Every structure is written in structure tokens, then in C-alpha cells.
Amino acid sequence: MSASTAKIIQPGEALALDRNGARVSPIGSRAFLLEATGDFDLASQRRIWALSRAAELWSETLEIVPGMTNLLVVLKETPEDPETLALRLLDAWEQAESIDLAGRTIEIEVTYGGEHATDLAALCDRSGLPDHEVVRIHYEGTYRVFALGSAPGFGYLHGLDPRIYMPRKTVPSLNMARGCVTIGGMQTGIAVLTGPNGWNSIGFAELQMFDPMSATPAVMAPGDTVRFVPASIEL
Amino acid sequence: MIEIIQTGPFNTVQDLGRSGFRNIGVTTSGAMDPLALKVGNSLLGNENGAAVIEIQTYPFKLRFSKATSFVVTGADCGASLDGRAVQPWCALAVDAGEVLELGQPRVGTRAYICIAGGIDVASVMGSRSTSLRGAFGGNQGRFLITGDVLQLGEVAVSLKLPETGLAVLDPAYALSGVYPAHQDGALVVRAIPAGEHSLFGADAERFWSQTWKISTQSDRTGYRLMGEPVKPTTPVEMRSHGVVSGVVQVPPSGEPIIQMADANTAGGYPKIAGVIEADLWRLGQARIGSRLRFVRVTHAEAAEVERSVASFIDDVGRTSRMICGALQAMT
């Protein structure tokens with residue numbers, strides 16, 4: 001598909017290019033975000049992984065940050081012409097063959113319920129499910145690490161059962177503990193730092209997810225499979 | 001080496017930041033005013049990204065244990081060396097045992113103490129910056145406390161500074177043709193509309209037209225702005241994506257947050273704009289309670305500003321080498 005067929009939307013002079021299931025928009029002067037506009041699924045994420053590998057090799061790339069069915073490319077310098085860059089990203093997206101990352105399988109022991117499960121009751125209210133059911137649905141799931149981000153070593157996990165989706169809180173918890181097992185929208189993950197957190201906590205895991213002195217500081221990597229093992233259930 | 005004699009909280013060792021690890025969730029950190037760091041290092045003949053001390057709470061006092069040279073850049077803190085006034089942006093030779101003292105800033109908010117050879121803390125994941133959130137890097141992953149002793153990097157060829165020091169014009173003046181003047185007392189920050197800009201409908205225009213106040217809930221992580229809320233026309237639940245400092249996100253309250261050096265590496269709030277890279281240092285010097293206004297620019301304009309600033313820093317380095325080289329030749 002040629003560049004001229006890209007649909008260029010400029011509401012209020014904002015650059016946003018939309019084409020073939022992807023959209024590119026800028027963040028500041030040096031960063032560009034490509035978002036897959038289709039389903040939030042593994043197929044989209046596999047193409048994001050492929051696109052990441054391609055964009056990482058560009059001479060102007062400083063960093064690549066794969067997200068949840070999206071990719072942020074940070075450049076070394078501000079480009080004169082953002083449209084050329086945006087179109088290049090869209091071309092690369094169209095050429096990106098789906099790749100699968102050969103990840104590890106990580107089993108994580110979780111205490112469900114208990115003092116750290118501060119949002120379990122709210123999740124029961126929202127889903128209309130009893131607490132033991134919410135917990136069972138969560139630990140029976142098989143999750144895939146789509147991306148790392150937000151905090152050191154934090155893995156965004158895909159594969160949450162839609163019955164226990166729960167939006168991020170409008171007012172974050174001010175001091176959620178490291179290790180809380182949380183749900184944010186259609187994603188799940190384990191808090192890696194103690195502090196403010198907008199996700200909903202349903203349990204606690206002891207496993208340390210990050211060590212800056214290690215050659216591989218993060219335990220999780222994109223493509224890994226994660227299973228939660230109920231060490232105890234305190235309801 | 002140097003010894004910290006007096007310090008408030010949140011003063012840290014910083015360099016240009018820990019880039020390349022956003023993809024595993026590691027915040028960039030780094031100086032809130034990277035221009036002050038680069039100019040200071042250029043003046044001293046250091047590498048551009050040598051580590052320095054970022055001061056954001058005052059008073060601050062340190063003792064030099066050996067003769068070296070230093071410069072205080074960024075905020076003007078009425079600094080003194082053993083009681084003698086020290087001009088900001090002026091590199092000076094210092095004798096062993098002398099004490100540098102910084103008071104409350106008169107202009108700006110963050111001061112940078114740059115020393116020949118740089119602060120030699122261990123490099124963690126490619127940077128000497130302190131990650132306060134992650135509790136690693138810098139000096140033991142924490143802010144400086146009284147009694148801390150910091151080593152200095154080796155200086156290959158010691159700099160022969162003029163006796164009265166080697167000064168550079170404060171970039172706020174030197175680059176006044178490149179940076180817009182304040183408007184009605186408000187800092188003018190240039191930004192580019194971001195992905196969800198159009199979802200704000202008529203509120204988008206109010207984002208650009210109003211003057212925002214920097215709230216007390218502002219620090220190295222981000223600035224929370226106060227003003228008339230702006231909201232998307234319908235609620236947006238975004239998929240988490242990578243962000244960079246300067247991104248202007250709008251949480252449900254409608255009052256924007258500008259992510260700064262210690263920001264999360266990812267976010268999901270709708271983003272209305274992104275501050276251009278070359279204007280981030282001005283935000284780093286903006287005070288809590290002060291006002292700012294966003295002005296829309298294009299990438300081409302942002303690139304031009306970036307080039308002007310880079311050439312200013314190069315000029316500082318060249319001039320410093322030339323003057324010190326000439327002095328060396330005369331002795």
C-alpha cells in the first residue's frame with residue numbers, strides 16, 4: 001500500500017496517521033507511538049514483537065518500548081518531518097510478519113485474599129461473582145508476558161478472563177505493597193514497587209521481580225508464559 | 001573526593017539518565033535540567049554526560065578534599081566558597097579543604113554542582129543517575145545525607161582556569177532568541193498535540209488557551225497542574241504504552257500531569273500533548289506554585305530549537321578548551 005492512501009487526520013493540527021489496522025501519533029518531539037487498532041490479542045502482539053525487532057535496527061532509533069499491542073519508538077533527535085517517520089513505521093507494521101518469542105514458563109506462588117487483597121470485594125461486586133470464583137478464574141488462567149514497563153521488571157500479562165476485567169481506579173491506592181497481584185482493565189500483573197497504584201489488588205506474591213545488579217535485571221521477558229499457583233487462599 | 005556537610009532531602013547524583021531500559025520498566029532518571037548539566041560539563045572539559053550533584057532542597061554545603069575545579073549551574077543560589085561569593089555558570093579552581101555553600105535559589109529551582117572528572121559513583125545499568133523509585137544507582141540508590149563522601153573521576157589533563165574563573169552567559173539569556181519570553185508571568189512551554197488530543201473536543205482548545213499552575217504535588221516524577229479541568233468527550237480506557245518525559249496526560253480529574261525525569265515508563269491515561277525535548281529543562285527549573293502556558297509547535301520548529309541548543313553547548317566546550325589551552329601555553 002502506498003503512502004498516499006494513508007488517511008491523514010489533523011484535528012487541531014494533531015498529527016495522527018491511521019492505516020491498515022495501525023495508528024501512529026507523536027509523544028513530544030522525539031517519540032512516536034504505533035498502536036495496533038485491532039483486537040487486544042496475541043496475534044497483534046506477535047506483529048508488535050516483529051515490528052520492534054525491525055525498528056530497533058534503524059539508525060535514528062534510541063530506544064524501543066513495546067507496550068500492549070503498541071510500540072513506542074524514541075529517536076536520537078527530533079525529526080524535521082514527522083510524517084515520513086510515521087509512514088515508515090506504518091510500512092514496517094504492514095511488512096511485520098508475526099513472530100513468536102520462545103519464552104520461559106514462570107510459575108508464581110500467590111496468596112489470594114488476605115490483607116493485601118484490598119480490591120477483591122469491589123471486583124466481586126462488579127463481576128457479580130463470589131470471591132472464591134474470582135480467585136479460581138484468576139489462577140486457572142494461562143498468561144503471556146506481552147511487555148514490560150511502568151516500573152522496573154513489571155510485566156503486563158495478557159490472557160485475563162473477561163469475567164474478571166476491572167478498570168483502573170480513578171483514585172489510586174496511595175501505598176500498595178510490592179508483590180500485590182493486581183488487575184488493571186483487561187490486564188493482570190504483580191506490583192514491583194511499593195507506592196501509588198491504580199490497579200486492583202486481589203492477592204500477594206513473594207517473588208522478587210527485579211534486580212538491577214543482575215546481568216538480566218528483570219525476571220520476566222516478553223513472550224514468557226506465566227501461571228499463578230495458589231499457595232494459600234484466605235477468604 | 002568531596003564530603004557532604006549539610007543537605008536537605010532529595011538531593012541526588014545524576015547524569016543524563018539511564019536510557020535503553022524503558023522496555024523493562026526502568027525509569028530514565030537523569031538531571032531535571034539536562035542543559036545545566038551539559039553546559040557545566042562542557043565548561044570543565046568533562047564528558048558531556050559526567051555525573052553531577054542535583055540540588056533541589058537548600059541550604060547545601062560540601063567540602064572539597066583535594067584541589068580541583070567546579071562550576072555551579074542551573075538555579076542561582078547565591079553560592080559561596082569559604083565565604084567568598086561564587087557566580088553561577090562560572091568555573092573556578094578550588095583548593096583542598098574549601099567549603100562550597102548554596103542558599104535558597106533566587107532564580108530557578110534546581111542547582112547543579114559539576115566537578116572536574118565527574119562524580120565517580122558506580123555505573124549501574126549504564127548510568128550513574130540515582131533511581132529513587134527503584135532504590136538503585138547514584139549514591140547507594142538514595143538521596144544524599146550529611147556525612148556522605150563521594151569520589152571524583154580521574155582527570156586526564158587538569159584544566160588551567162583563569163584565576164577569576166571562566167564564565168558562560170546564563171543560557172536563559174544566551175538562548176533568549178531561541179526560547180519564548182514569559183507571557184503575563186507564565187512560562188511558555190512548547191508542545192506537540194499527542195494521540196488523544198482530538199478526543200478532548202472543545203476542551204482541547206481550553207488546554208492551550210488557559211494558564212496552568214504547578215501544584216504542590218509536583219516533583220521529579222511529574223508535575224500536577226491546576227486549572228479548569230479538561231476532559232475527553234467520552235471516557236477512554238487505553239492499552240498501556242510506553243511514555244517519555246514531557247508527556248502531558250489527563251487523569252479522570254481533568255487536571256493534567258506532565259511526566260518528568262523519574263516518570264513511569266508506561267501509562268494508560270489519555271495524552272493531550274507532549275512537551276518538546278528542548279523545553280524540558282525549563283520545566284525542570286519551574287517552581288511549585290508558578291504558572292505556565294502551552295504553545296503548539298511543529299516538529300520542524302522543535303528540531304530547529306534542538307540544533308540551536310546543541311550548537312550553544314558545543315560553543316561552550318570549544319571556548320573553554322581554547323581559553324584554558326592558551327593559558328596553559330603561557331605558563
# chains A, B, ... in the order shown; residues from 1 in each chain; ligands from 1
>>> select_by_dssp(residues="segment 151-209 of chain B", states="strand (DSSP E or B)", output="list in words")
Leu152, Leu166, Ala167, Gln183, Ala186, Leu187, Val188, Val189, Arg190, Ala191, Ile192 and Pro193 of chain B
>>> residues_around(residues="segment 122-125 of chain A", least_positions_apart="2", cutoff="10 Å", atoms="only C-alpha atoms", output="PyMOL selection string")
chain A and resi 118-120+127-135+163-167+183+200-202
>>> write_last_selection(atoms="N, CA and C atoms", output="PDB file, in the first residue's frame")
ATOM      1  N   THR A 118      -6.990  -5.810  48.695  1.00  0.00           N
ATOM      2  CA  THR A 118      -7.827  -4.666  49.077  1.00  0.00           C
ATOM      3  C   THR A 118      -8.988  -4.401  48.114  1.00  0.00           C
ATOM      4  N   ASP A 119      -8.922  -4.970  46.904  1.00  0.00           N
ATOM      5  CA  ASP A 119      -9.957  -4.653  45.921  1.00  0.00           C
ATOM      6  C   ASP A 119     -10.774  -5.867  45.505  1.00  0.00           C
ATOM      7  N   LEU A 120     -10.579  -6.964  46.230  1.00  0.00           N
ATOM      8  CA  LEU A 120     -11.289  -8.192  45.868  1.00  0.00           C
ATOM      9  C   LEU A 120     -12.807  -8.015  46.025  1.00  0.00           C
ATOM     10  N   SER A 127     -18.229  -7.950  39.121  1.00  0.00           N
ATOM     11  CA  SER A 127     -18.388  -9.128  38.267  1.00  0.00           C
ATOM     12  C   SER A 127     -19.641  -9.916  38.627  1.00  0.00           C
ATOM     13  N   GLY A 128     -20.171  -9.703  39.832  1.00  0.00           N
ATOM     14  CA  GLY A 128     -21.319 -10.484  40.289  1.00  0.00           C
ATOM     15  C   GLY A 128     -20.917 -11.901  40.664  1.00  0.00           C
ATOM     16  N   LEU A 129     -19.603 -12.128  40.840  1.00  0.00           N
ATOM     17  CA  LEU A 129     -19.115 -13.465  41.177  1.00  0.00           C
ATOM     18  C   LEU A 129     -18.677 -13.509  42.641  1.00  0.00           C
ATOM     19  N   PRO A 130     -18.819 -14.681  43.296  1.00  0.00           N
ATOM     20  CA  PRO A 130     -18.301 -14.796  44.668  1.00  0.00           C
ATOM     21  C   PRO A 130     -16.766 -14.796  44.661  1.00  0.00           C
ATOM     22  N   ASP A 131     -16.152 -14.449  45.796  1.00  0.00           N
ATOM     23  CA  ASP A 131     -14.692 -14.286  45.846  1.00  0.00           C
ATOM     24  C   ASP A 131     -13.914 -15.537  45.434  1.00  0.00           C
ATOM     25  N   HIS A 132     -14.378 -16.731  45.874  1.00  0.00           N
ATOM     26  CA  HIS A 132     -13.619 -17.938  45.520  1.00  0.00           C
ATOM     27  C   HIS A 132     -13.635 -18.188  44.017  1.00  0.00           C
ATOM     28  N   GLU A 133     -14.703 -17.721  43.374  1.00  0.00           N
ATOM     29  CA  GLU A 133     -14.837 -17.892  41.928  1.00  0.00           C
ATOM     30  C   GLU A 133     -13.880 -16.933  41.200  1.00  0.00           C
ATOM     31  N   VAL A 134     -13.824 -15.696  41.661  1.00  0.00           N
ATOM     32  CA  VAL A 134     -12.911 -14.712  41.070  1.00  0.00           C
ATOM     33  C   VAL A 134     -11.478 -15.237  41.150  1.00  0.00           C
ATOM     34  N   VAL A 135     -11.122 -15.745  42.329  1.00  0.00           N
ATOM     35  CA  VAL A 135      -9.771 -16.259  42.567  1.00  0.00           C
ATOM     36  C   VAL A 135      -9.484 -17.463  41.655  1.00  0.00           C
ATOM     37  N   ARG A 163     -14.496 -12.135  32.394  1.00  0.00           N
ATOM     38  CA  ARG A 163     -15.425 -12.054  33.530  1.00  0.00           C
ATOM     39  C   ARG A 163     -14.807 -11.286  34.699  1.00  0.00           C
ATOM     40  N   ILE A 164     -13.481 -11.230  34.765  1.00  0.00           N
ATOM     41  CA  ILE A 164     -12.855 -10.504  35.886  1.00  0.00           C
ATOM     42  C   ILE A 164     -12.055  -9.279  35.425  1.00  0.00           C
ATOM     43  N   TYR A 165     -12.417  -8.750  34.269  1.00  0.00           N
ATOM     44  CA  TYR A 165     -11.874  -7.441  33.877  1.00  0.00           C
ATOM     45  C   TYR A 165     -12.325  -6.419  34.916  1.00  0.00           C
ATOM     46  N   MET A 166     -11.466  -5.431  35.186  1.00  0.00           N
ATOM     47  CA  MET A 166     -11.850  -4.385  36.141  1.00  0.00           C
ATOM     48  C   MET A 166     -11.037  -3.136  35.814  1.00  0.00           C
ATOM     49  N   PRO A 167     -11.714  -2.013  35.511  1.00  0.00           N
ATOM     50  CA  PRO A 167     -10.967  -0.803  35.131  1.00  0.00           C
ATOM     51  C   PRO A 167     -10.018  -0.346  36.232  1.00  0.00           C
ATOM     52  N   ILE A 183      -5.186  -6.451  38.983  1.00  0.00           N
ATOM     53  CA  ILE A 183      -5.897  -6.424  37.712  1.00  0.00           C
ATOM     54  C   ILE A 183      -6.100  -4.971  37.309  1.00  0.00           C
ATOM     55  N   ASN A 200      -6.125  -3.025  40.686  1.00  0.00           N
ATOM     56  CA  ASN A 200      -6.947  -3.626  41.744  1.00  0.00           C
ATOM     57  C   ASN A 200      -6.289  -4.876  42.308  1.00  0.00           C
ATOM     58  N   SER A 201      -6.029  -4.872  43.609  1.00  0.00           N
ATOM     59  CA  SER A 201      -5.276  -5.970  44.214  1.00  0.00           C
ATOM     60  C   SER A 201      -6.189  -7.086  44.705  1.00  0.00           C
ATOM     61  N   ILE A 202      -5.818  -8.334  44.365  1.00  0.00           N
ATOM     62  CA  ILE A 202      -6.607  -9.486  44.809  1.00  0.00           C
ATOM     63  C   ILE A 202      -5.770 -10.507  45.571  1.00  0.00           C
TER      64      ILE A 202
END
>>> residues_around(residues="Gly179 of chain A", least_positions_apart="2", cutoff="10 Å", atoms="only C-alpha atoms", output="ChimeraX atom specification")
/A:110,116,176-177,181-182,189-194,201,203-209
>>> closest_atom_pairs(of="chain A", to="chain B", cutoff="6 Å", atoms="only C-alpha atoms", output="Markdown table")
| residue | atom | partner | partner_atom | distance |
| --- | --- | --- | --- | --- |
| A:Pro11 | CA | B:Ser198 | CA | 5.8 |
| A:Ala14 | CA | B:Pro193 | CA | 5.1 |
| A:Ser25 | CA | B:Gly195 | CA | 5.1 |
| A:Pro26 | CA | B:Ala194 | CA | 5.5 |
| A:Ile27 | CA | B:Gly274 | CA | 5.0 |
| A:Gly28 | CA | B:Gly274 | CA | 3.7 |
| A:Ser29 | CA | B:Ile276 | CA | 4.8 |
| A:Glu63 | CA | B:Gly20 | CA | 5.4 |
| A:Val65 | CA | B:Asn23 | CA | 4.6 |
| A:Gly67 | CA | B:His241 | CA | 4.5 |
| A:Met68 | CA | B:Ser240 | CA | 5.6 |
| A:Leu72 | CA | B:Gly242 | CA | 5.6 |
| A:Thr78 | CA | B:Ala303 | CA | 5.1 |
| A:Glu80 | CA | B:Ala300 | CA | 4.5 |
| A:Leu148 | CA | B:Ile24 | CA | 4.8 |
| A:Gly149 | CA | B:Gly25 | CA | 3.6 |
| A:Ser150 | CA | B:Ala266 | CA | 4.3 |
| A:Ala151 | CA | B:Gly25 | CA | 4.5 |
| A:Pro152 | CA | B:Gly25 | CA | 4.2 |
| A:Gly153 | CA | B:Ile24 | CA | 5.4 |
>>> residues_around(residues="Asp95 of chain B", least_positions_apart="6", cutoff="9 Å", atoms="only C-alpha atoms", output="ChimeraX atom specification")
/B:64-69
>>> residues_around(residues="Ile233 of chain A", least_positions_apart="5", cutoff="8 Å", atoms="only C-alpha atoms", output="PyMOL selection string")
chain A and resi 111-114
>>> select_by_dssp(residues="segment 60-235 of chain A", states="alpha helix (DSSP H)", output="ChimeraX atom specification")
/A:82-95,120-127,131-140
>>> write_last_selection(atoms="C-alpha atoms", output="PDB file, in the first residue's frame")
ATOM      1  CA  PRO A  82       7.370  13.580  11.371  1.00  0.00           C
ATOM      2  CA  GLU A  83       5.125  12.328   8.576  1.00  0.00           C
ATOM      3  CA  THR A  84       7.964  10.486   6.841  1.00  0.00           C
ATOM      4  CA  LEU A  85       8.815   8.753  10.078  1.00  0.00           C
ATOM      5  CA  ALA A  86       5.175   7.916  10.776  1.00  0.00           C
ATOM      6  CA  LEU A  87       4.736   6.452   7.308  1.00  0.00           C
ATOM      7  CA  ARG A  88       7.913   4.434   7.700  1.00  0.00           C
ATOM      8  CA  LEU A  89       6.510   2.950  10.891  1.00  0.00           C
ATOM      9  CA  LEU A  90       3.238   2.097   9.154  1.00  0.00           C
ATOM     10  CA  ASP A  91       5.129   0.473   6.254  1.00  0.00           C
ATOM     11  CA  ALA A  92       7.158  -1.574   8.721  1.00  0.00           C
ATOM     12  CA  TRP A  93       3.940  -2.579  10.513  1.00  0.00           C
ATOM     13  CA  GLU A  94       2.444  -3.791   7.246  1.00  0.00           C
ATOM     14  CA  GLN A  95       5.560  -5.809   6.487  1.00  0.00           C
ATOM     15  CA  LEU A 120     -11.289  -8.192  45.868  1.00  0.00           C
ATOM     16  CA  ALA A 121     -14.651  -7.158  47.332  1.00  0.00           C
ATOM     17  CA  ALA A 122     -15.088  -4.436  44.692  1.00  0.00           C
ATOM     18  CA  LEU A 123     -14.221  -6.925  41.961  1.00  0.00           C
ATOM     19  CA  CYS A 124     -16.859  -9.334  43.293  1.00  0.00           C
ATOM     20  CA  ASP A 125     -19.418  -6.524  43.228  1.00  0.00           C
ATOM     21  CA  ARG A 126     -18.538  -5.591  39.672  1.00  0.00           C
ATOM     22  CA  SER A 127     -18.388  -9.128  38.267  1.00  0.00           C
ATOM     23  CA  ASP A 131     -14.692 -14.286  45.846  1.00  0.00           C
ATOM     24  CA  HIS A 132     -13.619 -17.938  45.520  1.00  0.00           C
ATOM     25  CA  GLU A 133     -14.837 -17.892  41.928  1.00  0.00           C
ATOM     26  CA  VAL A 134     -12.911 -14.712  41.070  1.00  0.00           C
ATOM     27  CA  VAL A 135      -9.771 -16.259  42.567  1.00  0.00           C
ATOM     28  CA  ARG A 136     -10.252 -19.572  40.749  1.00  0.00           C
ATOM     29  CA  ILE A 137     -10.746 -17.841  37.413  1.00  0.00           C
ATOM     30  CA  HIS A 138      -7.542 -15.897  38.009  1.00  0.00           C
ATOM     31  CA  TYR A 139      -5.301 -18.856  38.902  1.00  0.00           C
ATOM     32  CA  GLU A 140      -6.722 -21.135  36.239  1.00  0.00           C
TER      33      GLU A 140
END
>>> atom_distance(atom1="atom CA of Arg282 of chain B", atom2="atom CA of Ala36 of chain B")
10.2 Å
>>> closest_residue(among="B:Val52, B:Leu283, B:Val94, B:Val149", to="Val188 of chain B", atoms="only C-alpha atoms")
B:Leu283
>>> residues_around(residues="Asp219 of chain B", least_positions_apart="2", cutoff="12 Å", atoms="only C-alpha atoms", output="tab-separated table (two decimals) with N, CA and C atoms, in the first residue's frame")
chain	number	residue	atom	x	y	z
B	10	PHE	N	16.30	14.76	49.10
B	10	PHE	CA	16.04	14.74	47.65
B	10	PHE	C	17.14	15.37	46.79
B	11	ASN	N	18.35	15.53	47.35
B	11	ASN	CA	19.48	15.94	46.53
B	11	ASN	C	20.23	14.69	46.12
B	32	MET	N	17.03	16.92	35.94
B	32	MET	CA	15.79	17.58	35.52
B	32	MET	C	16.11	18.75	34.58
B	56	GLN	N	18.00	20.24	45.01
B	56	GLN	CA	16.65	20.81	44.93
B	56	GLN	C	16.11	21.21	46.29
B	57	THR	N	16.87	20.91	47.36
B	57	THR	CA	16.50	21.45	48.67
B	57	THR	C	17.74	22.09	49.29
B	109	THR	N	15.05	26.66	40.34
B	109	THR	CA	14.77	25.81	41.48
B	109	THR	C	15.79	24.70	41.69
B	110	ARG	N	16.48	24.26	40.64
B	110	ARG	CA	17.45	23.17	40.79
B	110	ARG	C	18.85	23.64	40.38
B	132	LEU	N	15.50	6.96	42.48
B	132	LEU	CA	14.92	6.95	43.83
B	132	LEU	C	13.80	5.92	43.93
B	214	ILE	N	1.47	25.13	38.63
B	214	ILE	CA	2.16	23.91	39.05
B	214	ILE	C	1.82	23.65	40.52
B	215	SER	N	1.15	22.52	40.80
B	215	SER	CA	0.66	22.26	42.15
B	215	SER	C	1.78	21.80	43.08
B	216	THR	N	1.49	21.75	44.36
B	216	THR	CA	2.48	21.29	45.34
B	216	THR	C	2.74	19.78	45.19
B	217	GLN	N	1.83	19.08	44.50
B	217	GLN	CA	2.07	17.66	44.25
B	217	GLN	C	2.93	17.50	43.01
B	221	THR	N	9.15	13.15	39.63
B	221	THR	CA	8.32	12.18	38.92
B	221	THR	C	7.41	12.88	37.91
B	222	GLY	N	6.78	13.95	38.36
B	222	GLY	CA	5.87	14.64	37.46
B	222	GLY	C	5.31	15.89	38.10
B	223	TYR	N	4.74	16.74	37.28
B	223	TYR	CA	4.10	17.96	37.76
B	223	TYR	C	2.59	17.81	37.57
B	224	ARG	N	1.86	18.00	38.65
B	224	ARG	CA	0.41	18.05	38.55
B	224	ARG	C	0.01	19.50	38.36
B	225	LEU	N	-0.81	19.74	37.36
B	225	LEU	CA	-1.21	21.12	37.06
B	225	LEU	C	-2.60	21.40	37.59
B	257	ILE	N	-1.16	16.04	34.07
B	257	ILE	CA	0.11	15.70	34.72
B	257	ILE	C	1.18	15.72	33.62
B	258	ILE	N	2.27	16.44	33.88
B	258	ILE	CA	3.42	16.35	32.96
B	258	ILE	C	4.40	15.38	33.58
B	259	GLN	N	4.69	14.29	32.90
B	259	GLN	CA	5.66	13.33	33.43
B	259	GLN	C	7.06	13.91	33.28
B	260	MET	N	7.87	13.75	34.33
B	260	MET	CA	9.22	14.30	34.31
B	260	MET	C	10.27	13.17	34.39
B	261	ALA	N	11.50	13.52	34.82
B	261	ALA	CA	12.63	12.59	34.70
B	261	ALA	C	12.42	11.23	35.38
B	262	ASP	N	11.75	11.21	36.52
B	262	ASP	CA	11.56	9.95	37.24
B	262	ASP	C	10.21	9.30	36.92
B	263	ALA	N	9.64	9.65	35.78
B	263	ALA	CA	8.30	9.17	35.44
B	263	ALA	C	8.24	7.68	35.23
B	283	LEU	N	11.11	23.42	32.27
B	283	LEU	CA	10.16	22.87	33.25
B	283	LEU	C	10.91	22.45	34.50
B	284	GLY	N	12.11	21.86	34.30
B	284	GLY	CA	12.93	21.42	35.42
B	284	GLY	C	13.32	22.56	36.34
B	285	GLN	N	13.31	23.78	35.83
B	285	GLN	CA	13.64	24.96	36.65
B	285	GLN	C	12.40	25.73	37.12
B	286	ALA	N	11.21	25.25	36.73
B	286	ALA	CA	9.97	25.96	37.12
B	286	ALA	C	9.62	25.64	38.57
B	287	ARG	N	9.19	26.64	39.28
B	287	ARG	CA	8.88	26.46	40.71
B	287	ARG	C	7.47	25.97	40.95
B	288	ILE	N	7.31	25.24	42.03
B	288	ILE	CA	5.97	24.89	42.50
B	288	ILE	C	5.21	26.20	42.75
